[in-house]
Amino acid sequence: MNFWSWGRFFAVVRKELIQLKRDRLTFAMMVGVPIMQLTLFGFAINNDPKHLPTAVVDADRTEMSRSLVAAVQNSGYFHVTWTGESLAQADRRVERGEVQFLVHVPAGFTRALVRGEHPALLIEADASDPAAGSNALAAVDALVRSALRDDLTGPLASLATAPTSFETRVHRRYNPEGISAYNIVPGLMGVILTMTMIMMTALAVTRETERGTMENLLATPARPLEVMLGKILPYVAIGNVQVGVILLAAALLFGVPMVGSLLLLLLLTQAFILANLAVGITISTTARNQMQAMQMTLFFFLPSILLSGFMFPFRGMPTWAQWIGEALPLTHFLRVVRGILLKGNGLADVWPHLWPLLLFITVVLGLGLSRFRRTLD
Amino acid sequence: MPEADIAIEVEGLAKSFGGRSAVKGLSLHVQRGEIFGFLGPNGSGKTTSIRMLCGLLTPDSGRGRCLGHDLLTESRTIRREVGYMTQRFGWYEDLSVRENLDFVARMYEVRDRAAKVDRTIADLGLEARQHQLVGGLSGGWKQRLALAACLMHDPKLLLLDEPTAGVDPRARREFWDQIKRLAAGGVTVLVSTHYMDEAERCTRLGYIAYGEMLAQGTATELLQRFGVERLEDVFIEVMKDLKDLR
Ligand SMILES: Nc1ncnc2c1ncn2[C@@H]1O[C@H](COP(=O)(O)OP(=O)(O)O)[C@@H](O)[C@H]1O
Ligand SMILES: [Mg+2]
């Protein structure tokens, strides 16, 4: 029987909208926060991550090519996680983000080198997060040269030092110029949604407790789910407006390319918004007043921004930090956004980052709902 | 006494917060149409008792019925039929009087909502203030709004928790006239108060202190039983008895 009343649900939505309309500060914050953060984070923070996952396709299969690969590995920048024959398979791994680099020694490299034909060593780099790979790329040319110096002895020694004996040809994918804004702006979308969505919902619910209106609300026949969903629906709408603003700024002001499907991105953004609203609701069931709700929001927001790969390249972080990062919705959302916007990923490509998000929603929303009391006990 | 004539019937309700007991073994019988006055000093457990009666707090022990519905298992049905006015004003200050009442009507899924809101506003003389934001109203107007809100769904039982605290004498008189009218119309009222002149207007009284119901009866009965002239003195006598017991 009536476990759900649309009438009561919309009554809550309506009330929440009227209150929102009259709350100038909240309104200012919703516009101000995206603008402030767009300005603040427009400047990237560089870092020097090591052990970046790398795929190697050695089609040359000579002693020299093997020592080349070994040199790449020994530099500390690259960590060879996959070796194989198939360029297509290696390519897939770059696309999915499993590896950041693909080193390709083409067939006949050694022969061409010895003949003085200036062969090219190919490196494909996932540059959608430019800060993560730039130092590694800068090191690679010198690295390869010093490796060959040991192999090219005797009559071939002259080749080792000649700058034109071969070239390393680096191909930055997804973000050929290595522009930080391409990474920062899509990332900001996640950061802004995290901050505002969690805070707004947490405050909206604790406000009722703090002002004594919760007691009256609980005395009505309303069910927790009606109240909870009714309260968050307006914020879902606001979140989407923010997404629109940021995407527009990304395209018009920062010229961020949008390769993938915008529709898919918007769809998956709903999951991310929901994940944050769930956190907000859960916070509001614990916080006794709005001040506490604010503090708890920050407590969640800081690790989100620091450990999600937004501030520092994910692979540059220590393992324990990566584990925490994996548990945060922002981490997965950043991968989804970069994947779709910059790489043109489809649903199948982003699925590895989508299911952790869905799992997070289920667990946290369940927690929030079970803690949302229908009495004052 | 046929069951249908009893509005509240509870036995041994108890509640404690973190080991400190707030209400101890409350037993209460209130007939339909009665105005039952709940008297007691601050912290004696009045609010806690009222919250248990309308299902906002779960009693640690005890049982009972409100309007014939079980307190423990049918609290949702009870909420539909009971109007509860909180001690602390708890309606939305950033909404107008009318918007608040409209919200309440929607929450109770009242039929003919607009007409019902109009009528309630007229009944309580809130017309002139209906479009004003609640935050700017004086205590007396807020109290009228709070009463209007708990009348919106035509409850059969009103639980009023210190409804006239901090309200001027004229507003208090008008408030009580309203209560009398409602009771005459068959609504049962349980009201907690500090004021003895209000106690005199109740059909029956209960004195509560330290979470215990110490005496119950009509004003005349109580005055006779304790051999005193004024209702305040009943309280003093009751407290004496309590000290003797300890
Ligand atoms: N939610 C609560 N948590 C802890 N203690 C409470 C709570 N509500 C009431 N109390 C305590 O229970 C006692 C009775 O309070 P209350 O029912 O509000 O009394 P009254 O309404 O008669 O002033 C007081 O000592 C009060 O501090
Ligand atoms: Mg009280």
# chains A, B, ... in the order shown; residues from 1 in each chain; ligands from 1

$ interface_residues --of "chain B" --to "chain A" --cutoff "10 Å" --atoms "only C-alpha atoms" --output "MDAnalysis selection string"
chainID B and resid 15 17 51:52 54:59 75:95 99:100 102:109 146 149:150 153

$ closest_atom_pairs --of "range 87-188 of chain B" --to "range 24-33 of chain B" --cutoff "7 Å" --atoms "only C-alpha atoms" --output "Markdown table"
| residue | atom | partner | partner_atom | distance |
| --- | --- | --- | --- | --- |
| B:Ala183 | CA | B:Gly33 | CA | 5.5 |
| B:Gly186 | CA | B:Gly33 | CA | 4.8 |
| B:Val187 | CA | B:Gly33 | CA | 5.3 |
| B:Thr188 | CA | B:Gly33 | CA | 4.3 |

$ residues_near_ligand --ligand "ligand 1" --cutoff "6 Å" --atoms "only C-alpha atoms and all ligand atoms" --output "MDAnalysis selection string"
chainID B and resid 17 22 42:48

$ select_by_dssp --residues "range 15-219 of chain A" --states "alpha helix (DSSP H)" --output "PyMOL selection string"
chain A and resi 15-22+24-40+63-74+87-96+109-114+130-151+157-161+180-211+213-219

$ closest_residue --among "B:Thr193, B:Gln132, B:Ser16, B:Ser21" --to "ligand 2" --atoms "only C-alpha atoms and all ligand atoms"
B:Thr193

$ residues_around --residues "Gln143 in chain B" --least-positions-apart "5" --cutoff "9 Å" --atoms "only C-alpha atoms" --output "list of chain:residue names"
B:Phe89, B:Ser138, B:Ala148, B:Pro163, B:Thr164, B:Val167, B:Ala171, B:Phe175

$ write_last_selection --atoms "all heavy atoms" --output "PDB file, in the first residue's frame"
ATOM      1  N   PHE B  89       8.941  26.801  18.418  1.00  0.00           N
ATOM      2  CA  PHE B  89       8.329  27.058  17.114  1.00  0.00           C
ATOM      3  C   PHE B  89       9.177  26.422  16.014  1.00  0.00           C
ATOM      4  O   PHE B  89      10.379  26.635  15.939  1.00  0.00           O
ATOM      5  CB  PHE B  89       8.211  28.570  16.881  1.00  0.00           C
ATOM      6  CG  PHE B  89       7.615  28.909  15.547  1.00  0.00           C
ATOM      7  CD1 PHE B  89       6.253  28.796  15.344  1.00  0.00           C
ATOM      8  CD2 PHE B  89       8.416  29.315  14.495  1.00  0.00           C
ATOM      9  CE1 PHE B  89       5.696  29.088  14.108  1.00  0.00           C
ATOM     10  CE2 PHE B  89       7.860  29.614  13.258  1.00  0.00           C
ATOM     11  CZ  PHE B  89       6.501  29.503  13.067  1.00  0.00           C
ATOM     12  N   SER B 138       5.651  38.283  15.124  1.00  0.00           N
ATOM     13  CA  SER B 138       5.839  38.248  16.577  1.00  0.00           C
ATOM     14  C   SER B 138       5.427  36.879  17.103  1.00  0.00           C
ATOM     15  O   SER B 138       4.819  36.082  16.401  1.00  0.00           O
ATOM     16  CB  SER B 138       4.981  39.320  17.227  1.00  0.00           C
ATOM     17  OG  SER B 138       3.625  38.940  17.113  1.00  0.00           O
ATOM     18  N   ALA B 148      -2.641  26.739  13.591  1.00  0.00           N
ATOM     19  CA  ALA B 148      -3.273  26.521  12.286  1.00  0.00           C
ATOM     20  C   ALA B 148      -2.671  25.300  11.599  1.00  0.00           C
ATOM     21  O   ALA B 148      -3.381  24.469  11.039  1.00  0.00           O
ATOM     22  CB  ALA B 148      -3.095  27.755  11.407  1.00  0.00           C
ATOM     23  N   PRO B 163       1.865  25.802  24.649  1.00  0.00           N
ATOM     24  CA  PRO B 163       1.544  26.627  23.469  1.00  0.00           C
ATOM     25  C   PRO B 163       1.541  28.119  23.754  1.00  0.00           C
ATOM     26  O   PRO B 163       1.695  28.905  22.831  1.00  0.00           O
ATOM     27  CB  PRO B 163       0.145  26.151  23.086  1.00  0.00           C
ATOM     28  CG  PRO B 163      -0.431  25.612  24.342  1.00  0.00           C
ATOM     29  CD  PRO B 163       0.709  25.029  25.118  1.00  0.00           C
ATOM     30  N   THR B 164       1.386  28.507  25.015  1.00  0.00           N
ATOM     31  CA  THR B 164       1.236  29.943  25.280  1.00  0.00           C
ATOM     32  C   THR B 164       2.464  30.553  25.936  1.00  0.00           C
ATOM     33  O   THR B 164       2.418  31.690  26.387  1.00  0.00           O
ATOM     34  CB  THR B 164       0.015  30.191  26.184  1.00  0.00           C
ATOM     35  OG1 THR B 164       0.154  29.387  27.348  1.00  0.00           O
ATOM     36  CG2 THR B 164      -1.267  29.856  25.463  1.00  0.00           C
ATOM     37  N   VAL B 167       3.775  34.401  25.154  1.00  0.00           N
ATOM     38  CA  VAL B 167       2.756  35.056  24.335  1.00  0.00           C
ATOM     39  C   VAL B 167       2.007  36.043  25.227  1.00  0.00           C
ATOM     40  O   VAL B 167       1.782  35.783  26.407  1.00  0.00           O
ATOM     41  CB  VAL B 167       1.812  33.976  23.765  1.00  0.00           C
ATOM     42  CG1 VAL B 167       0.563  34.591  23.187  1.00  0.00           C
ATOM     43  CG2 VAL B 167       2.533  33.145  22.718  1.00  0.00           C
ATOM     44  N   ALA B 171      -3.379  37.511  23.458  1.00  0.00           N
ATOM     45  CA  ALA B 171      -3.225  36.389  22.544  1.00  0.00           C
ATOM     46  C   ALA B 171      -3.506  35.078  23.261  1.00  0.00           C
ATOM     47  O   ALA B 171      -4.084  34.148  22.693  1.00  0.00           O
ATOM     48  CB  ALA B 171      -1.821  36.384  21.952  1.00  0.00           C
ATOM     49  N   PHE B 175      -6.318  32.429  22.279  1.00  0.00           N
ATOM     50  CA  PHE B 175      -5.885  31.057  22.037  1.00  0.00           C
ATOM     51  C   PHE B 175      -6.778  30.078  22.790  1.00  0.00           C
ATOM     52  O   PHE B 175      -7.255  29.092  22.224  1.00  0.00           O
ATOM     53  CB  PHE B 175      -4.422  30.905  22.478  1.00  0.00           C
ATOM     54  CG  PHE B 175      -3.825  29.579  22.136  1.00  0.00           C
ATOM     55  CD1 PHE B 175      -3.269  29.358  20.884  1.00  0.00           C
ATOM     56  CD2 PHE B 175      -3.812  28.544  23.060  1.00  0.00           C
ATOM     57  CE1 PHE B 175      -2.709  28.142  20.564  1.00  0.00           C
ATOM     58  CE2 PHE B 175      -3.250  27.320  22.735  1.00  0.00           C
ATOM     59  CZ  PHE B 175      -2.698  27.122  21.496  1.00  0.00           C
TER      60      PHE B 175
END

$ atom_distance --atom1 "CA of Ala184 in chain B" --atom2 "CA of Gly40 in chain B"
25.8 Å

$ atom_distance --atom1 "CA of Gly62 in chain B" --atom2 "CA of Val10 in chain B"
7.6 Å

$ atom_distance --atom1 "CA of Leu39 in chain B" --atom2 "CA of Ala209 in chain B"
8.5 Å
